[in-house]
file my_file-v6.csv (CSV, C-alpha atoms)
chain,number,residue,atom,x,y,z
F,1453,MET,CA,7.7,4.2,-59.4
F,1454,ASN,CA,4.5,5.5,-57.8
F,1455,ARG,CA,4.0,6.6,-54.2
F,1456,HIS,CA,2.2,3.4,-53.3
F,1457,SER,CA,5.2,1.2,-54.2
F,1458,GLU,CA,7.5,3.5,-52.3
F,1459,ARG,CA,5.5,3.1,-49.2
F,1460,ASN,CA,5.7,-0.7,-49.6
F,1461,GLN,CA,9.5,-0.5,-50.0
F,1462,PHE,CA,10.0,1.6,-46.8
F,1463,PRO,CA,7.3,0.5,-44.3
F,1464,PRO,CA,7.0,2.6,-41.1
F,1465,PRO,CA,9.0,1.4,-38.1
F,1466,GLN,CA,7.1,-0.6,-35.5
F,1467,LEU,CA,7.9,0.5,-31.9
F,1468,PHE,CA,6.6,-2.7,-30.3
F,1469,LYS,CA,7.9,-5.2,-32.7
F,1470,PHE,CA,9.9,-7.8,-30.7
F,1471,ASP,CA,12.0,-9.6,-33.3
F,1472,ASN,CA,14.0,-11.2,-30.5
F,1473,LEU,CA,11.0,-13.1,-29.2
F,1474,GLU,CA,9.6,-16.3,-30.8
F,1475,ASN,CA,6.0,-16.3,-32.0
F,1476,HIS,CA,4.9,-18.7,-29.3
F,1477,VAL,CA,6.5,-16.5,-26.6
F,1478,GLN,CA,4.8,-13.4,-28.0
F,1479,ASP,CA,1.4,-15.3,-27.9
F,1480,HIS,CA,2.1,-16.3,-24.3
F,1481,LEU,CA,2.9,-12.7,-23.3
F,1482,LYS,CA,-0.4,-11.6,-24.8
F,1483,ARG,CA,-2.2,-14.0,-22.6
F,1484,VAL,CA,-0.2,-12.9,-19.6
F,1485,TYR,CA,-0.8,-9.2,-20.1
F,1486,GLY,CA,-4.4,-9.8,-20.9
F,1487,CYS,CA,-4.8,-11.7,-17.6
F,1488,LEU,CA,-2.9,-8.9,-15.9
F,1489,SER,CA,-5.4,-6.3,-17.4
F,1490,ILE,CA,-8.3,-8.3,-15.9
F,1491,SER,CA,-6.6,-8.3,-12.5
F,1492,MET,CA,-6.4,-4.5,-12.6
F,1493,PHE,CA,-10.2,-4.3,-13.0
F,1494,THR,CA,-10.9,-6.8,-10.2
F,1495,ALA,CA,-8.4,-5.1,-7.9
F,1496,PHE,CA,-10.1,-1.8,-8.6
F,1497,ALA,CA,-13.5,-3.4,-7.8
F,1498,GLY,CA,-12.1,-4.7,-4.5
F,1499,ALA,CA,-10.9,-1.2,-3.5
F,1500,TYR,CA,-14.2,0.3,-4.6
F,1501,VAL,CA,-16.1,-2.1,-2.4
F,1502,HIS,CA,-14.1,-1.1,0.6
F,1503,LEU,CA,-14.3,2.7,-0.1
F,1504,TYR,CA,-17.8,3.2,-1.2
F,1505,THR,CA,-20.0,0.3,0.1
F,1506,ALA,CA,-20.8,-1.2,3.4
F,1507,TRP,CA,-20.9,-4.7,2.0
F,1508,LEU,CA,-17.3,-5.7,3.0
F,1509,GLN,CA,-14.4,-3.9,4.6
F,1510,ALA,CA,-10.7,-4.7,4.5
F,1511,GLY,CA,-9.3,-6.5,7.5
F,1512,ILE,CA,-7.5,-9.6,8.7
F,1513,LEU,CA,-10.2,-11.8,7.1
F,1514,THR,CA,-9.8,-10.3,3.6
F,1515,MET,CA,-6.0,-10.5,3.9
F,1516,LEU,CA,-6.3,-14.2,4.8
F,1517,ALA,CA,-8.7,-14.7,2.0
F,1518,SER,CA,-6.2,-13.2,-0.5
F,1519,LEU,CA,-3.4,-15.4,0.9
F,1520,GLY,CA,-5.5,-18.5,0.8
F,1521,LEU,CA,-6.7,-17.9,-2.7
F,1522,MET,CA,-3.1,-17.4,-3.9
F,1523,ILE,CA,-2.0,-20.7,-2.2
F,1524,TRP,CA,-5.1,-22.4,-3.8
F,1525,LEU,CA,-4.1,-21.1,-7.2
F,1526,ALA,CA,-0.5,-22.2,-6.8
F,1527,SER,CA,-1.6,-25.7,-5.8
F,1528,THR,CA,-4.0,-26.2,-8.7
F,1529,HIS,CA,-2.4,-27.7,-11.7
F,1530,HIS,CA,-2.6,-25.7,-14.9
F,1531,SER,CA,-4.5,-27.4,-17.7
F,1532,LYS,CA,-7.3,-26.7,-20.1
F,1533,GLU,CA,-9.8,-28.4,-17.8
F,1534,THR,CA,-8.8,-26.2,-14.8
F,1535,GLU,CA,-8.3,-23.0,-16.7
F,1536,THR,CA,-11.7,-21.5,-16.0
F,1537,LYS,CA,-11.5,-22.5,-12.3
F,1538,ARG,CA,-8.0,-21.0,-12.0
F,1539,LEU,CA,-9.1,-17.8,-13.6
F,1540,GLY,CA,-11.9,-17.5,-11.1
F,1541,ILE,CA,-9.5,-18.1,-8.2
F,1542,PHE,CA,-7.1,-15.5,-9.7
F,1543,ALA,CA,-10.0,-13.0,-9.9
F,1544,GLY,CA,-10.8,-13.6,-6.3
F,1545,PHE,CA,-7.2,-13.2,-5.2
F,1546,THR,CA,-6.8,-9.9,-7.0
F,1547,PHE,CA,-10.2,-8.7,-5.7
F,1548,PHE,CA,-9.2,-9.2,-2.1
F,1549,THR,CA,-5.7,-7.9,-2.7
F,1550,GLY,CA,-7.3,-4.7,-4.1
F,1551,MET,CA,-9.6,-4.5,-1.1
F,1552,SER,CA,-6.6,-4.8,1.2
F,1553,LEU,CA,-5.4,-1.4,-0.1
F,1554,GLY,CA,-8.6,0.1,1.3
F,1555,PRO,CA,-7.2,1.4,4.6
F,1556,LEU,CA,-4.2,3.0,2.9
F,1557,LEU,CA,-6.5,4.6,0.3
F,1558,ASP,CA,-8.7,5.9,3.1
F,1559,TYR,CA,-5.7,7.7,4.6
F,1560,VAL,CA,-4.5,9.1,1.2
F,1561,ILE,CA,-8.0,10.5,0.5
F,1562,THR,CA,-7.8,12.5,3.8
F,1563,VAL,CA,-4.5,13.9,2.7
F,1564,ASP,CA,-5.2,14.6,-1.0
F,1565,PRO,CA,-7.4,12.4,-3.2
F,1566,SER,CA,-5.5,13.4,-6.4
F,1567,ILE,CA,-2.5,11.5,-5.0
F,1568,ILE,CA,-4.2,8.2,-6.0
F,1569,VAL,CA,-4.4,9.2,-9.6
F,1570,THR,CA,-0.8,10.5,-9.6
F,1571,ALA,CA,0.5,7.3,-8.0
F,1572,LEU,CA,-1.5,5.1,-10.4
F,1573,MET,CA,-0.1,7.0,-13.4
F,1574,GLY,CA,3.4,6.8,-12.0
F,1575,THR,CA,3.2,3.1,-11.3
F,1576,SER,CA,1.9,2.5,-14.9
F,1577,VAL,CA,4.7,4.5,-16.4
F,1578,ILE,CA,7.3,2.6,-14.3
F,1579,PHE,CA,5.8,-0.8,-15.0
F,1580,ILE,CA,5.4,-0.3,-18.8
F,1581,SER,CA,8.9,1.2,-19.1
F,1582,PHE,CA,10.7,-1.5,-17.2
F,1583,SER,CA,8.6,-4.2,-18.9
F,1584,LEU,CA,9.7,-2.9,-22.3
F,1585,ALA,CA,13.3,-2.7,-21.2
F,1586,ALA,CA,13.2,-6.3,-20.2
F,1587,LEU,CA,11.5,-7.5,-23.4
F,1588,PHE,CA,13.9,-5.6,-25.7
F,1589,ASN,CA,16.9,-6.9,-23.9
F,1590,THR,CA,18.4,-9.7,-25.8
F,1591,ASN,CA,21.2,-10.8,-23.4
F,1592,ARG,CA,19.0,-12.0,-20.5
F,1593,THR,CA,21.0,-9.7,-18.3
F,1594,PHE,CA,18.2,-9.1,-15.7
F,1595,LEU,CA,17.9,-12.9,-15.0
F,1596,TYR,CA,21.2,-12.6,-13.0
F,1597,MET,CA,19.6,-10.2,-10.6
F,1598,GLY,CA,17.4,-12.9,-9.0
F,1599,GLY,CA,19.7,-13.9,-6.2
F,1600,PHE,CA,20.5,-10.3,-5.3
F,1601,LEU,CA,16.8,-9.3,-5.3
F,1602,LEU,CA,15.6,-12.2,-3.2
F,1603,SER,CA,18.4,-11.5,-0.7
F,1604,ALA,CA,17.6,-7.8,-0.6
F,1605,LEU,CA,13.9,-8.6,-0.1
F,1606,SER,CA,14.8,-10.9,2.8
F,1607,TRP,CA,16.8,-8.2,4.5
F,1608,LEU,CA,14.0,-5.7,3.9
F,1609,CYS,CA,11.5,-8.0,5.6
F,1610,LEU,CA,13.9,-8.5,8.5
F,1611,ALA,CA,14.4,-4.8,8.9
F,1612,GLY,CA,10.7,-4.3,9.0
F,1613,LEU,CA,10.2,-6.9,11.7
F,1614,LEU,CA,13.0,-5.4,13.8
F,1615,ASN,CA,11.6,-1.9,13.3
F,1616,ILE,CA,8.3,-3.0,15.0
F,1617,PHE,CA,10.3,-3.0,18.2
F,1618,ILE,CA,12.7,-0.2,17.5
F,1619,GLY,CA,10.3,2.2,15.9
F,1620,SER,CA,12.9,4.1,13.9
F,1621,ARG,CA,11.7,6.6,11.3
F,1622,LEU,CA,15.0,6.4,9.4
F,1623,ILE,CA,14.7,2.6,9.1
F,1624,TRP,CA,11.1,2.9,8.0
F,1625,GLU,CA,12.0,5.4,5.2
F,1626,VAL,CA,15.0,3.3,4.0
F,1627,GLN,CA,12.7,0.3,3.9
F,1628,LEU,CA,10.1,2.3,1.9
F,1629,TYR,CA,12.5,3.7,-0.8
F,1630,ALA,CA,14.6,0.5,-1.0
F,1631,GLY,CA,11.4,-1.5,-1.4
F,1632,LEU,CA,10.3,0.7,-4.3
F,1633,PHE,CA,13.7,0.2,-6.0
F,1634,ILE,CA,13.6,-3.6,-5.4
F,1635,PHE,CA,10.1,-4.1,-6.8
F,1636,CYS,CA,11.0,-1.9,-9.9
F,1637,ALA,CA,13.9,-4.3,-10.4
F,1638,PHE,CA,11.6,-7.2,-9.9
F,1639,VAL,CA,9.6,-6.1,-12.9
F,1640,LEU,CA,12.7,-6.5,-15.1
F,1641,TYR,CA,13.5,-9.9,-13.5
F,1642,ASP,CA,10.0,-11.3,-13.6
F,1643,THR,CA,9.4,-10.2,-17.2
F,1644,GLN,CA,12.5,-11.9,-18.5
F,1645,MET,CA,11.8,-15.0,-16.3
F,1646,ILE,CA,8.4,-15.4,-17.8
F,1647,VAL,CA,9.9,-15.4,-21.3
F,1648,GLU,CA,12.5,-18.0,-20.2
F,1649,LYS,CA,9.9,-20.2,-18.5
F,1650,LYS,CA,7.8,-20.2,-21.7
F,1651,ARG,CA,10.8,-21.2,-23.7
F,1652,MET,CA,11.3,-24.1,-21.3
F,1653,GLY,CA,7.7,-25.2,-21.8
F,1654,ASP,CA,5.9,-23.5,-18.9
F,1655,ASP,CA,2.7,-22.1,-20.3
F,1656,ASP,CA,1.0,-21.2,-17.0
F,1657,TYR,CA,0.1,-17.7,-18.0
F,1658,ILE,CA,-2.2,-17.2,-15.0
F,1659,TRP,CA,0.5,-17.8,-12.4
F,1660,HIS,CA,2.9,-15.7,-14.5
F,1661,SER,CA,0.4,-12.9,-14.2
F,1662,VAL,CA,0.5,-13.2,-10.4
F,1663,ASP,CA,4.2,-12.2,-10.3
F,1664,LEU,CA,3.6,-9.1,-12.4
F,1665,PHE,CA,0.4,-8.2,-10.5
F,1666,LEU,CA,2.3,-8.3,-7.1
F,1667,ASP,CA,5.1,-6.1,-8.5
F,1668,PHE,CA,2.5,-3.6,-9.7
F,1669,ILE,CA,0.7,-3.5,-6.4
F,1670,GLN,CA,3.8,-3.2,-4.3
F,1671,ILE,CA,5.1,-0.2,-6.4
F,1672,PHE,CA,1.7,1.4,-6.3
F,1673,ARG,CA,1.5,1.0,-2.5
F,1674,ARG,CA,4.9,2.6,-1.9
F,1675,LEU,CA,4.2,5.5,-4.3
F,1676,LEU,CA,1.0,6.2,-2.4
F,1677,ILE,CA,2.9,6.4,0.9
F,1678,ILE,CA,5.8,8.5,-0.5
F,1679,LEU,CA,3.5,11.0,-2.2
F,1680,SER,CA,1.3,11.3,0.9
F,1681,ASN,CA,4.3,11.9,3.1
F,1682,LYS,CA,5.6,14.6,0.8
F,1683,ASP,CA,2.2,16.3,0.7
F,1684,LYS,CA,2.0,16.3,4.5
F,1685,LYS,CA,5.5,17.8,4.8
F,1686,LYS,CA,4.5,20.6,2.4
F,1687,GLU,CA,1.4,21.4,4.6
F,1688,LYS,CA,3.6,21.6,7.7
F,1689,ASN,CA,6.0,24.0,6.1
call {"tool": "encode", "arguments": {"input": "my_file-v6.csv", "output": "structure tokens"}}
result
Amino acid sequence: MNRHSERNQFPPPQLFKFDNLENHVQDHLKRVYGCLSISMFTAFAGAYVHLYTAWLQAGILTMLASLGLMIWLASTHHSKETETKRLGIFAGFTFFTGMSLGPLLDYVITVDPSIIVTALMGTSVIFISFSLAALFNTNRTFLYMGGFLLSALSWLCLAGLLNIFIGSRLIWEVQLYAGLFIFCAFVLYDTQMIVEKKRMGDDDYIWHSVDLFLDFIQIFRRLLIILSNKDKKKEKN
């Protein structure tokens, strides 16, 4: 037996081979993550416009534009005829969402510009790791977290509203770190939910990308704040 036949007998292991997922689900996930990749570029473009041009600045109007485009996208039926239109709406939504990060990025740059790269790398590692954990899981375990996560998010929002009047530093920090934990868990939940939705016939990959995009942005936002606060504390000491 020659070496060539031995290689065919024992093929190298494939790290990203998802045998537990059907072919049509894998094809759907490729579209979802392809769409998500595009959203990263458009969000970066929005942040760049705020930081380095005088063309448009983040504010209440850009926030309302982002919200309005997301509602428009959700209310537009997914079909082959509307696919291009919905991709355009999605690109606009992610552009203005990225621009809304502008004021926070302005602040982080005054503290230490390298924090942006560190937070982006950290968010990417967290997102990829939790996504793979959800995709390799065969028991649909993370789907049962939905009720808990939505309740926790509701309490988090309520604490944020109350803290506007209280102004407690402790509540703010609890909200910050708890929010990071919750949105990391949402990556697990949303990833498995996308798989289950596709199995039930929902092939709206654009809207599925919105869920993952929002998870990524929320994790990135909180890492920026956490790392900036730690850097400022080091300077004081």
call {"tool": "atom_distance", "arguments": {"input": "my_file-v6.csv", "atom1": "atom CA of Gly1574 of chain F", "atom2": "atom CA of Tyr1596 of chain F"}}
result
26.3 Å
call {"tool": "closest_residue", "arguments": {"input": "my_file-v6.csv", "among": "F:Thr1549, F:Leu1473, F:Val1560, F:Ala1517", "to": "Phe1493 of chain F", "atoms": "all atoms listed in the file"}}
result
F:Thr1549
call {"tool": "residues_around", "arguments": {"input": "my_file-v6.csv", "residues": "Ile1671 of chain F", "least_positions_apart": "5", "cutoff": "7 Å", "atoms": "all atoms listed in the file", "output": "PyMOL selection string"}}
result
chain F and resi 1575+1632+1635
call {"tool": "closest_residue", "arguments": {"input": "my_file-v6.csv", "among": "F:Gly1486, F:Pro1555, F:Gly1619, F:Gly1631", "to": "Leu1602 of chain F", "atoms": "only C-alpha atoms"}}
result
F:Gly1631
call {"tool": "closest_residue", "arguments": {"input": "my_file-v6.csv", "among": "F:Ile1512, F:Tyr1641, F:Arg1651, F:Thr1534", "to": "Asn1589 of chain F", "atoms": "all atoms listed in the file"}}
result
F:Tyr1641
call {"tool": "closest_residue", "arguments": {"input": "my_file-v6.csv", "among": "F:Phe1668, F:Gly1544, F:Lys1684, F:Val1647", "to": "Asp1479 of chain F", "atoms": "all atoms listed in the file"}}
result
F:Val1647
call {"tool": "closest_residue", "arguments": {"input": "my_file-v6.csv", "among": "F:Ile1618, F:Met1551, F:Cys1636, F:Ala1630", "to": "Ser1581 of chain F", "atoms": "all atoms listed in the file"}}
result
F:Cys1636
call {"tool": "atom_distance", "arguments": {"input": "my_file-v6.csv", "atom1": "atom CA of Cys1487 of chain F", "atom2": "atom CA of Ile1678 of chain F"}}
result
28.5 Å
call {"tool": "closest_residue", "arguments": {"input": "my_file-v6.csv", "among": "F:Ile1523, F:Leu1503, F:Val1626, F:Leu1640", "to": "Trp1659 of chain F", "atoms": "all atoms listed in the file"}}
result
F:Ile1523
call {"tool": "atom_distance", "arguments": {"input": "my_file-v6.csv", "atom1": "atom CA of Met1645 of chain F", "atom2": "atom CA of Thr1494 of chain F"}}
result
24.9 Å
call {"tool": "residues_around", "arguments": {"input": "my_file-v6.csv", "residues": "Gly1520 of chain F", "least_positions_apart": "2", "cutoff": "12 Å", "atoms": "all atoms listed in the file", "output": "PyMOL selection string"}}
result
chain F and resi 1513-1518+1522-1527+1541-1542+1544-1546+1548-1549
call {"tool": "residues_around", "arguments": {"input": "my_file-v6.csv", "residues": "Met1492 of chain F", "least_positions_apart": "5", "cutoff": "10 Å", "atoms": "all atoms listed in the file", "output": "list of chain:residue names"}}
result
F:Cys1487, F:Ala1497, F:Gly1498, F:Ala1543, F:Thr1546, F:Phe1547, F:Gly1550, F:Phe1665, F:Phe1668, F:Ile1669
call {"tool": "write_last_selection", "arguments": {"input": "my_file-v6.csv", "atoms": "C-alpha atoms", "output": "mmCIF file, keeping the file's coordinate frame"}}
result
data_model
loop_
_atom_site.group_PDB
_atom_site.id
_atom_site.type_symbol
_atom_site.label_atom_id
_atom_site.label_comp_id
_atom_site.auth_asym_id
_atom_site.auth_seq_id
_atom_site.Cartn_x
_atom_site.Cartn_y
_atom_site.Cartn_z
ATOM 1 C CA CYS F 1487 -4.800 -11.700 -17.600
ATOM 2 C CA ALA F 1497 -13.500 -3.400 -7.800
ATOM 3 C CA GLY F 1498 -12.100 -4.700 -4.500
ATOM 4 C CA ALA F 1543 -10.000 -13.000 -9.900
ATOM 5 C CA THR F 1546 -6.800 -9.900 -7.000
ATOM 6 C CA PHE F 1547 -10.200 -8.700 -5.700
ATOM 7 C CA GLY F 1550 -7.300 -4.700 -4.100
ATOM 8 C CA PHE F 1665 0.400 -8.200 -10.500
ATOM 9 C CA PHE F 1668 2.500 -3.600 -9.700
ATOM 10 C CA ILE F 1669 0.700 -3.500 -6.400
#
call {"tool": "residues_around", "arguments": {"input": "my_file-v6.csv", "residues": "Asp1656 of chain F", "least_positions_apart": "3", "cutoff": "12 Å", "atoms": "all atoms listed in the file", "output": "list in words"}}
result
His1480, Leu1481, Arg1483, Val1484, Cys1487, Leu1525, Ala1526, Thr1528, His1529, His1530, Ser1531, Lys1532, Thr1534, Glu1535, Arg1538, Leu1539, Ile1646, Val1647, Lys1649, Lys1650, Arg1651, Met1652, Gly1653, Trp1659, His1660, Ser1661, Val1662 and Asp1663 of chain F
call {"tool": "build_atoms", "arguments": {"input": "my_file-v6.csv", "residues": "segment 1531-1542 of chain F", "atoms": "all heavy atoms", "output": "PDB file, in the frame of the given file"}}
result
ATOM      1  N   SER F1531      -4.135 -26.598 -16.557  1.00  0.00           N
ATOM      2  CA  SER F1531      -4.500 -27.400 -17.700  1.00  0.00           C
ATOM      3  C   SER F1531      -5.760 -26.768 -18.337  1.00  0.00           C
ATOM      4  O   SER F1531      -6.357 -25.842 -17.768  1.00  0.00           O
ATOM      5  CB  SER F1531      -4.828 -28.849 -17.300  1.00  0.00           C
ATOM      6  OG  SER F1531      -5.963 -28.899 -16.446  1.00  0.00           O
ATOM      7  N   LYS F1532      -6.153 -27.254 -19.489  1.00  0.00           N
ATOM      8  CA  LYS F1532      -7.300 -26.700 -20.100  1.00  0.00           C
ATOM      9  C   LYS F1532      -8.595 -26.971 -19.307  1.00  0.00           C
ATOM     10  O   LYS F1532      -9.525 -26.160 -19.305  1.00  0.00           O
ATOM     11  CB  LYS F1532      -7.508 -27.356 -21.533  1.00  0.00           C
ATOM     12  CG  LYS F1532      -6.478 -26.880 -22.552  1.00  0.00           C
ATOM     13  CD  LYS F1532      -6.747 -27.466 -23.934  1.00  0.00           C
ATOM     14  CE  LYS F1532      -5.735 -26.953 -24.953  1.00  0.00           C
ATOM     15  NZ  LYS F1532      -5.982 -27.501 -26.308  1.00  0.00           N
ATOM     16  N   GLU F1533      -8.616 -28.105 -18.600  1.00  0.00           N
ATOM     17  CA  GLU F1533      -9.800 -28.400 -17.800  1.00  0.00           C
ATOM     18  C   GLU F1533      -9.918 -27.529 -16.564  1.00  0.00           C
ATOM     19  O   GLU F1533     -11.029 -27.246 -16.125  1.00  0.00           O
ATOM     20  CB  GLU F1533      -9.685 -29.911 -17.307  1.00  0.00           C
ATOM     21  CG  GLU F1533      -9.838 -30.952 -18.406  1.00  0.00           C
ATOM     22  CD  GLU F1533      -8.601 -31.062 -19.296  1.00  0.00           C
ATOM     23  OE1 GLU F1533      -7.514 -30.594 -18.861  1.00  0.00           O
ATOM     24  OE2 GLU F1533      -8.718 -31.589 -20.420  1.00  0.00           O
ATOM     25  N   THR F1534      -8.793 -27.068 -16.030  1.00  0.00           N
ATOM     26  CA  THR F1534      -8.800 -26.200 -14.800  1.00  0.00           C
ATOM     27  C   THR F1534      -8.668 -24.746 -15.117  1.00  0.00           C
ATOM     28  O   THR F1534      -8.615 -23.935 -14.192  1.00  0.00           O
ATOM     29  CB  THR F1534      -7.709 -26.658 -13.853  1.00  0.00           C
ATOM     30  OG1 THR F1534      -6.432 -26.483 -14.496  1.00  0.00           O
ATOM     31  CG2 THR F1534      -7.889 -28.115 -13.432  1.00  0.00           C
ATOM     32  N   GLU F1535      -8.569 -24.382 -16.385  1.00  0.00           N
ATOM     33  CA  GLU F1535      -8.300 -23.000 -16.700  1.00  0.00           C
ATOM     34  C   GLU F1535      -9.357 -22.027 -16.232  1.00  0.00           C
ATOM     35  O   GLU F1535      -9.042 -21.009 -15.613  1.00  0.00           O
ATOM     36  CB  GLU F1535      -8.156 -22.859 -18.260  1.00  0.00           C
ATOM     37  CG  GLU F1535      -7.726 -21.473 -18.711  1.00  0.00           C
ATOM     38  CD  GLU F1535      -7.480 -21.404 -20.206  1.00  0.00           C
ATOM     39  OE1 GLU F1535      -7.965 -22.301 -20.932  1.00  0.00           O
ATOM     40  OE2 GLU F1535      -6.802 -20.465 -20.649  1.00  0.00           O
ATOM     41  N   THR F1536     -10.626 -22.360 -16.445  1.00  0.00           N
ATOM     42  CA  THR F1536     -11.700 -21.500 -16.000  1.00  0.00           C
ATOM     43  C   THR F1536     -11.726 -21.377 -14.473  1.00  0.00           C
ATOM     44  O   THR F1536     -11.911 -20.290 -13.912  1.00  0.00           O
ATOM     45  CB  THR F1536     -13.070 -22.024 -16.489  1.00  0.00           C
ATOM     46  OG1 THR F1536     -13.045 -22.126 -17.917  1.00  0.00           O
ATOM     47  CG2 THR F1536     -14.197 -21.089 -16.077  1.00  0.00           C
ATOM     48  N   LYS F1537     -11.538 -22.507 -13.806  1.00  0.00           N
ATOM     49  CA  LYS F1537     -11.500 -22.500 -12.300  1.00  0.00           C
ATOM     50  C   LYS F1537     -10.366 -21.645 -11.820  1.00  0.00           C
ATOM     51  O   LYS F1537     -10.558 -20.848 -10.889  1.00  0.00           O
ATOM     52  CB  LYS F1537     -11.332 -23.958 -11.850  1.00  0.00           C
ATOM     53  CG  LYS F1537     -11.159 -24.098 -10.348  1.00  0.00           C
ATOM     54  CD  LYS F1537     -10.906 -25.549  -9.980  1.00  0.00           C
ATOM     55  CE  LYS F1537     -10.630 -25.707  -8.501  1.00  0.00           C
ATOM     56  NZ  LYS F1537     -10.346 -27.107  -8.126  1.00  0.00           N
ATOM     57  N   ARG F1538      -9.187 -21.774 -12.412  1.00  0.00           N
ATOM     58  CA  ARG F1538      -8.000 -21.000 -12.000  1.00  0.00           C
ATOM     59  C   ARG F1538      -8.183 -19.522 -12.251  1.00  0.00           C
ATOM     60  O   ARG F1538      -7.710 -18.682 -11.479  1.00  0.00           O
ATOM     61  CB  ARG F1538      -6.744 -21.548 -12.600  1.00  0.00           C
ATOM     62  CG  ARG F1538      -6.443 -22.974 -12.177  1.00  0.00           C
ATOM     63  CD  ARG F1538      -5.151 -23.501 -12.775  1.00  0.00           C
ATOM     64  NE  ARG F1538      -3.997 -23.038 -12.014  1.00  0.00           N
ATOM     65  CZ  ARG F1538      -3.055 -22.248 -12.475  1.00  0.00           C
ATOM     66  NH1 ARG F1538      -3.141 -21.782 -13.725  1.00  0.00           N
ATOM     67  NH2 ARG F1538      -2.025 -21.877 -11.733  1.00  0.00           N
ATOM     68  N   LEU F1539      -8.843 -19.178 -13.344  1.00  0.00           N
ATOM     69  CA  LEU F1539      -9.100 -17.800 -13.600  1.00  0.00           C
ATOM     70  C   LEU F1539     -10.049 -17.182 -12.567  1.00  0.00           C
ATOM     71  O   LEU F1539      -9.889 -16.029 -12.149  1.00  0.00           O
ATOM     72  CB  LEU F1539      -9.731 -17.616 -15.024  1.00  0.00           C
ATOM     73  CG  LEU F1539      -8.758 -17.699 -16.199  1.00  0.00           C
ATOM     74  CD1 LEU F1539      -9.522 -17.749 -17.521  1.00  0.00           C
ATOM     75  CD2 LEU F1539      -7.784 -16.519 -16.201  1.00  0.00           C
ATOM     76  N   GLY F1540     -11.021 -17.980 -12.124  1.00  0.00           N
ATOM     77  CA  GLY F1540     -11.900 -17.500 -11.100  1.00  0.00           C
ATOM     78  C   GLY F1540     -11.173 -17.336  -9.748  1.00  0.00           C
ATOM     79  O   GLY F1540     -11.411 -16.351  -9.029  1.00  0.00           O
ATOM     80  N   ILE F1541     -10.271 -18.270  -9.428  1.00  0.00           N
ATOM     81  CA  ILE F1541      -9.500 -18.100  -8.200  1.00  0.00           C
ATOM     82  C   ILE F1541      -8.571 -16.892  -8.308  1.00  0.00           C
ATOM     83  O   ILE F1541      -8.436 -16.129  -7.347  1.00  0.00           O
ATOM     84  CB  ILE F1541      -8.598 -19.395  -8.000  1.00  0.00           C
ATOM     85  CG1 ILE F1541      -9.480 -20.632  -7.821  1.00  0.00           C
ATOM     86  CG2 ILE F1541      -7.689 -19.222  -6.785  1.00  0.00           C
ATOM     87  CD1 ILE F1541      -8.714 -21.938  -7.822  1.00  0.00           C
ATOM     88  N   PHE F1542      -7.988 -16.697  -9.487  1.00  0.00           N
ATOM     89  CA  PHE F1542      -7.100 -15.500  -9.700  1.00  0.00           C
ATOM     90  C   PHE F1542      -7.910 -14.236  -9.537  1.00  0.00           C
ATOM     91  O   PHE F1542      -7.421 -13.278  -8.917  1.00  0.00           O
ATOM     92  CB  PHE F1542      -6.525 -15.613 -11.108  1.00  0.00           C
ATOM     93  CG  PHE F1542      -5.675 -14.443 -11.490  1.00  0.00           C
ATOM     94  CD1 PHE F1542      -4.433 -14.248 -10.912  1.00  0.00           C
ATOM     95  CD2 PHE F1542      -6.114 -13.525 -12.436  1.00  0.00           C
ATOM     96  CE1 PHE F1542      -3.639 -13.163 -11.260  1.00  0.00           C
ATOM     97  CE2 PHE F1542      -5.334 -12.449 -12.796  1.00  0.00           C
ATOM     98  CZ  PHE F1542      -4.094 -12.261 -12.201  1.00  0.00           C
TER      99      PHE F1542
END
